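Asks: Take this structure, written in structure tokens, and hold onto it; I'll ask about it next.
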Amino acid sequence: MAELATVARPYAEALFRVAQTGDLNAWSAIASELGQIGANSDVQAFASNPHVTHAQLADTIASLVKAPLTAEAKNFIAMLAENGRINLLPEISAQFALLKNASEGAADATIFSAFELSADQLSQLAATLEKKFGRKLNPTVTVDPSLIGGVRVVVGDEVLDTSVRAKLQRMHVALAS
């Protein structure tokens, strides 16, 4: 995995530099979509087919992107196809997102909740978490009924676990020792 990250880094950084000269949000959408396309097993199988030309591969991937593609984006896809690097698309997308967040002083936050959160609850929780973590957060909510109640928040390598399950585990440890 570290090898993929190392090989993907220059591509992600180059894509980010191009994105900074234009519409960063549009480029972010393209990078995210390319990451999802590149992670598809059918696309990976198609990319590894020796009978498929680089041009066919680039055209196929470009046709799968729903966002409007600029000439630079099409050139990027073509370059990856020519270099046999289509398998790097998910990692390039992830690294691009990290670069974008770092430039904006933001971070992705995964919120695990025992129940669905309404938009109002999510905005209140996000505001509280932004104060706690000291940066703007891009929250993603995942429902995990095993938490019983409360939330578990993961921001990078930081974890804030206020779930009932975590409290019960702490009580178990305290009583068992």
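Following the order of the structure tokens, chains are lettered A, B, ..., residues in each are numbered from 1, and ligands are numbered from 1.
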Write out as a Markdown table a residue-level contact list of stretch 1-33 of chain A versus stretch 86-90 of chain A with cut-off 9 Å: for each qualifying residue the closest pair of atoms and the distance in Å to one decimal, counting only C-alpha atoms, rows sorted by chain and residue number upward.
Replies:
| residue | atom | partner | partner_atom | distance |
| --- | --- | --- | --- | --- |
| A:Leu4 | CA | A:Leu88 | CA | 6.8 |
| A:Ala5 | CA | A:Leu88 | CA | 8.3 |
| A:Val7 | CA | A:Leu88 | CA | 7.9 |
| A:Ala8 | CA | A:Leu88 | CA | 5.9 |
| A:Tyr11 | CA | A:Leu88 | CA | 9.0 |
| A:Ala31 | CA | A:Leu89 | CA | 8.1 |
| A:Ser32 | CA | A:Pro90 | CA | 8.1 |
Asks: Quick one: write out the picked residues with N, CA, C and O atoms as a short mmCIF file (atom, residue, chain, number, x, y, z; two decimals), in the first residue's frame?
Replies:
data_model
loop_
_atom_site.label_atom_id
_atom_site.label_comp_id
_atom_site.auth_asym_id
_atom_site.auth_seq_id
_atom_site.Cartn_x
_atom_site.Cartn_y
_atom_site.Cartn_z
N LEU A 4 2.01 2.13 -3.52
CA LEU A 4 1.01 2.82 -4.32
C LEU A 4 0.95 4.29 -3.94
O LEU A 4 0.86 5.17 -4.80
N ALA A 5 1.00 4.57 -2.65
CA ALA A 5 0.95 5.96 -2.19
C ALA A 5 2.16 6.74 -2.69
O ALA A 5 2.03 7.90 -3.10
N VAL A 7 3.97 6.13 -5.42
CA VAL A 7 3.88 6.32 -6.87
C VAL A 7 2.78 7.33 -7.21
O VAL A 7 2.92 8.13 -8.13
N ALA A 8 1.69 7.32 -6.44
CA ALA A 8 0.56 8.20 -6.73
C ALA A 8 0.81 9.64 -6.32
O ALA A 8 0.21 10.56 -6.89
N TYR A 11 1.54 12.36 -9.02
CA TYR A 11 0.37 12.59 -9.86
C TYR A 11 -0.66 13.45 -9.11
O TYR A 11 -1.23 14.38 -9.68
N ALA A 31 -11.65 14.54 -9.42
CA ALA A 31 -10.71 13.61 -8.78
C ALA A 31 -11.45 12.54 -7.98
O ALA A 31 -11.09 11.36 -8.02
N SER A 32 -12.50 12.95 -7.28
CA SER A 32 -13.29 12.00 -6.50
C SER A 32 -13.96 10.98 -7.41
O SER A 32 -13.95 9.77 -7.14
#
Asks: I want to know what sits within 12 Å of A:Ser63, based on only C-alpha atoms, with residues of the same chain fewer than 3 positions away left out; could you give that as a list in words?
Replies: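 Counting only C-alpha atoms, the residues come to Glu33, Leu34, Ile37, Gln56, Leu57, Ala58, Asp59, Thr60, Lys66, Ala67, Pro68, Leu69, Ala73, Lys74 and Ile77 of chain A.
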Asks: With a distance cut-off of 9 Å and only C-alpha atoms, select the neighbouring residues of A:Asp108, excluding the residue or stretch itself and same-chain residues fewer than 2 positions from it, and output the selection as an MDAnalysis selection string.
Replies: chainID A and resid 97:98 101 106 110 136:140 154:156
Asks: For the helix (DSSP H, G or I) assignment from backbone DSSP, which residues of stretch 56-170 of chain A qualify? Please present them as a PyMOL selection string.
Replies: chain A and resi 56-64+71-82+86-104+119-133+145-147+164-170
Asks: Report the residues of stretch 29-177 of chain A whose backbone DSSP state falls under strand (DSSP E or B), written as a PyMOL selection string.
Replies: chain A and resi 106-113+136-143+151-155+158-161
Asks: Can those selected residues be exported to a file as a tab-separated table (two decimals), in the first residue's frame so that it contains N, CA, C and O atoms?
Replies:
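The resulting selection.tsv:
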chain	number	residue	atom	x	y	z
A	106	ALA	N	-8.86	22.36	6.55
A	106	ALA	CA	-10.02	21.52	6.86
A	106	ALA	C	-9.58	20.06	6.99
A	106	ALA	O	-8.43	19.72	6.72
A	107	ALA	N	-10.52	19.23	7.41
A	107	ALA	CA	-10.27	17.80	7.51
A	107	ALA	C	-11.57	17.05	7.29
A	107	ALA	O	-12.66	17.58	7.55
A	108	ASP	N	-11.46	15.82	6.83
A	108	ASP	CA	-12.64	14.96	6.69
A	108	ASP	C	-12.93	14.33	8.04
A	108	ASP	O	-12.02	13.90	8.75
A	109	ALA	N	-14.18	14.31	8.42
A	109	ALA	CA	-14.61	13.71	9.68
A	109	ALA	C	-15.64	12.63	9.39
A	109	ALA	O	-16.63	12.88	8.71
A	110	THR	N	-15.39	11.44	9.89
A	110	THR	CA	-16.35	10.36	9.78
A	110	THR	C	-17.06	10.25	11.11
A	110	THR	O	-16.42	10.04	12.14
A	111	ILE	N	-18.35	10.44	11.09
A	111	ILE	CA	-19.16	10.39	12.31
A	111	ILE	C	-19.97	9.11	12.28
A	111	ILE	O	-20.78	8.90	11.38
A	112	PHE	N	-19.71	8.25	13.26
A	112	PHE	CA	-20.48	7.02	13.40
A	112	PHE	C	-21.54	7.30	14.46
A	112	PHE	O	-21.22	7.71	15.57
A	113	SER	N	-22.79	7.12	14.10
A	113	SER	CA	-23.89	7.41	15.00
A	113	SER	C	-24.77	6.18	15.14
A	113	SER	O	-24.93	5.41	14.19
A	136	LYS	N	-12.03	23.39	10.26
A	136	LYS	CA	-13.27	23.13	9.54
A	136	LYS	C	-13.33	21.64	9.21
A	136	LYS	O	-12.33	21.04	8.83
A	137	LEU	N	-14.50	21.06	9.37
A	137	LEU	CA	-14.67	19.63	9.12
A	137	LEU	C	-15.65	19.38	7.98
A	137	LEU	O	-16.62	20.11	7.83
A	138	ASN	N	-15.37	18.36	7.22
A	138	ASN	CA	-16.26	17.89	6.16
A	138	ASN	C	-16.85	16.57	6.66
A	138	ASN	O	-16.26	15.51	6.48
A	139	PRO	N	-18.03	16.63	7.32
A	139	PRO	CA	-18.56	15.43	7.97
A	139	PRO	C	-19.23	14.44	7.01
A	139	PRO	O	-19.87	14.83	6.05
A	140	THR	N	-19.04	13.18	7.32
A	140	THR	CA	-19.72	12.08	6.65
A	140	THR	C	-20.31	11.21	7.76
A	140	THR	O	-19.59	10.82	8.67
A	141	VAL	N	-21.60	10.92	7.69
A	141	VAL	CA	-22.27	10.16	8.74
A	141	VAL	C	-22.49	8.72	8.30
A	141	VAL	O	-22.96	8.47	7.20
A	142	THR	N	-22.15	7.80	9.21
A	142	THR	CA	-22.39	6.38	9.00
A	142	THR	C	-23.17	5.87	10.21
A	142	THR	O	-22.77	6.12	11.35
A	143	VAL	N	-24.27	5.20	9.97
A	143	VAL	CA	-25.07	4.66	11.06
A	143	VAL	C	-24.49	3.32	11.50
A	143	VAL	O	-24.26	2.44	10.68
A	151	VAL	N	-22.13	9.12	19.69
A	151	VAL	CA	-21.40	9.15	18.43
A	151	VAL	C	-19.93	8.80	18.65
A	151	VAL	O	-19.40	8.94	19.74
A	152	ARG	N	-19.31	8.37	17.56
A	152	ARG	CA	-17.87	8.13	17.51
A	152	ARG	C	-17.38	8.92	16.31
A	152	ARG	O	-17.87	8.73	15.20
A	153	VAL	N	-16.42	9.82	16.53
A	153	VAL	CA	-15.95	10.70	15.48
A	153	VAL	C	-14.48	10.39	15.19
A	153	VAL	O	-13.66	10.34	16.11
A	154	VAL	N	-14.16	10.22	13.90
A	154	VAL	CA	-12.79	9.98	13.48
A	154	VAL	C	-12.38	11.11	12.55
A	154	VAL	O	-13.00	11.32	11.50
A	155	VAL	N	-11.34	11.86	12.95
A	155	VAL	CA	-10.79	12.94	12.15
A	155	VAL	C	-9.30	12.64	11.99
A	155	VAL	O	-8.53	12.81	12.93
A	158	GLU	N	-7.22	11.10	14.88
A	158	GLU	CA	-7.84	11.44	16.16
A	158	GLU	C	-9.23	10.80	16.24
A	158	GLU	O	-9.97	10.80	15.26
A	159	VAL	N	-9.56	10.27	17.42
A	159	VAL	CA	-10.86	9.63	17.62
A	159	VAL	C	-11.49	10.21	18.88
A	159	VAL	O	-10.85	10.29	19.93
A	160	LEU	N	-12.75	10.59	18.77
A	160	LEU	CA	-13.54	11.04	19.90
A	160	LEU	C	-14.72	10.08	20.01
A	160	LEU	O	-15.58	10.05	19.13
A	161	ASP	N	-14.72	9.28	21.07
A	161	ASP	CA	-15.75	8.25	21.22
A	161	ASP	C	-16.60	8.56	22.44
A	161	ASP	O	-16.18	8.37	23.57
Asks: Interatomic distance between atom CA of A:Ile92 and atom CA of A:Ser123?
Replies: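 The value is 29.4 Å.
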Asks: Excluding A:Ala19 and its own-chain neighbours fewer than 3 positions away, which residues fall within 12 Å of it when counting only C-alpha atoms? Please give them as a VMD selection string.
Replies: chain A and resid 12 to 16 22 to 31 70 72 to 73 76 96 to 97 99 to 100 103
Asks: Convert the current residue selection to file output with N, CA and C atoms, as a CSV table (one decimal), in the first residue's frame.
Replies:
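After the write, out-v3.csv holds the following:
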chain,number,residue,atom,x,y,z
A,12,ALA,N,-0.9,13.1,-7.8
A,12,ALA,CA,-1.9,13.9,-7.0
A,12,ALA,C,-1.4,15.3,-6.9
A,13,GLU,N,-0.1,15.5,-6.6
A,13,GLU,CA,0.4,16.9,-6.4
A,13,GLU,C,0.4,17.7,-7.7
A,14,ALA,N,0.7,17.0,-8.8
A,14,ALA,CA,0.6,17.7,-10.1
A,14,ALA,C,-0.9,18.1,-10.4
A,15,LEU,N,-1.8,17.2,-10.2
A,15,LEU,CA,-3.2,17.5,-10.4
A,15,LEU,C,-3.7,18.6,-9.5
A,16,PHE,N,-3.2,18.6,-8.3
A,16,PHE,CA,-3.6,19.7,-7.3
A,16,PHE,C,-3.0,21.0,-7.8
A,22,GLY,N,-7.3,26.8,-11.3
A,22,GLY,CA,-8.7,26.9,-11.9
A,22,GLY,C,-9.7,26.8,-10.7
A,23,ASP,N,-10.8,26.0,-11.0
A,23,ASP,CA,-11.8,25.8,-10.0
A,23,ASP,C,-11.5,24.6,-9.2
A,24,LEU,N,-11.0,24.8,-8.0
A,24,LEU,CA,-10.6,23.7,-7.1
A,24,LEU,C,-11.7,22.8,-6.8
A,25,ASN,N,-13.0,23.3,-6.6
A,25,ASN,CA,-14.1,22.4,-6.3
A,25,ASN,C,-14.5,21.5,-7.4
A,26,ALA,N,-14.4,22.1,-8.6
A,26,ALA,CA,-14.7,21.3,-9.8
A,26,ALA,C,-13.7,20.1,-10.0
A,27,TRP,N,-12.4,20.5,-9.8
A,27,TRP,CA,-11.3,19.5,-9.9
A,27,TRP,C,-11.5,18.5,-8.8
A,28,SER,N,-11.9,18.9,-7.6
A,28,SER,CA,-12.1,17.9,-6.5
A,28,SER,C,-13.2,16.9,-6.9
A,29,ALA,N,-14.3,17.4,-7.5
A,29,ALA,CA,-15.3,16.5,-7.9
A,29,ALA,C,-14.8,15.5,-9.0
A,30,ILE,N,-14.0,16.0,-9.9
A,30,ILE,CA,-13.4,15.1,-11.0
A,30,ILE,C,-12.5,14.1,-10.3
A,31,ALA,N,-11.6,14.5,-9.4
A,31,ALA,CA,-10.7,13.6,-8.8
A,31,ALA,C,-11.4,12.5,-8.0
A,70,THR,N,-12.4,19.0,-18.5
A,70,THR,CA,-11.7,20.0,-19.3
A,70,THR,C,-10.6,19.2,-20.1
A,72,GLU,N,-7.5,19.6,-19.8
A,72,GLU,CA,-6.4,19.2,-18.8
A,72,GLU,C,-6.8,17.8,-18.2
A,73,ALA,N,-8.1,17.7,-17.8
A,73,ALA,CA,-8.5,16.4,-17.2
A,73,ALA,C,-8.4,15.3,-18.2
A,76,PHE,N,-4.8,14.3,-18.5
A,76,PHE,CA,-4.4,13.6,-17.3
A,76,PHE,C,-4.8,12.1,-17.4
A,96,PHE,N,-5.3,13.7,-3.3
A,96,PHE,CA,-5.8,15.0,-3.8
A,96,PHE,C,-6.7,15.6,-2.7
A,97,ALA,N,-7.6,14.8,-2.1
A,97,ALA,CA,-8.5,15.3,-1.1
A,97,ALA,C,-7.7,15.8,0.1
A,99,LEU,N,-4.7,17.0,0.1
A,99,LEU,CA,-4.0,18.3,-0.3
A,99,LEU,C,-5.0,19.4,-0.2
A,100,LYS,N,-6.2,19.1,-0.7
A,100,LYS,CA,-7.2,20.2,-0.8
A,100,LYS,C,-7.6,20.6,0.7
A,103,SER,N,-4.9,22.7,2.3
A,103,SER,CA,-4.8,24.0,1.8
A,103,SER,C,-6.0,24.9,2.3
Asks: Between atom CA of A:Thr53 and atom CA of A:Gln95, what is the spacing in Å?
Replies: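 These two atoms are separated by 27.4 Å.
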Asks: Can you work out the spacing between atom CA of A:Leu80 and atom CA of A:Ala55 in Å, to one decimal?
Replies: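 Spanning atom CA of A:Leu80 to atom CA of A:Ala55 is a straight-line distance of 10.7 Å.
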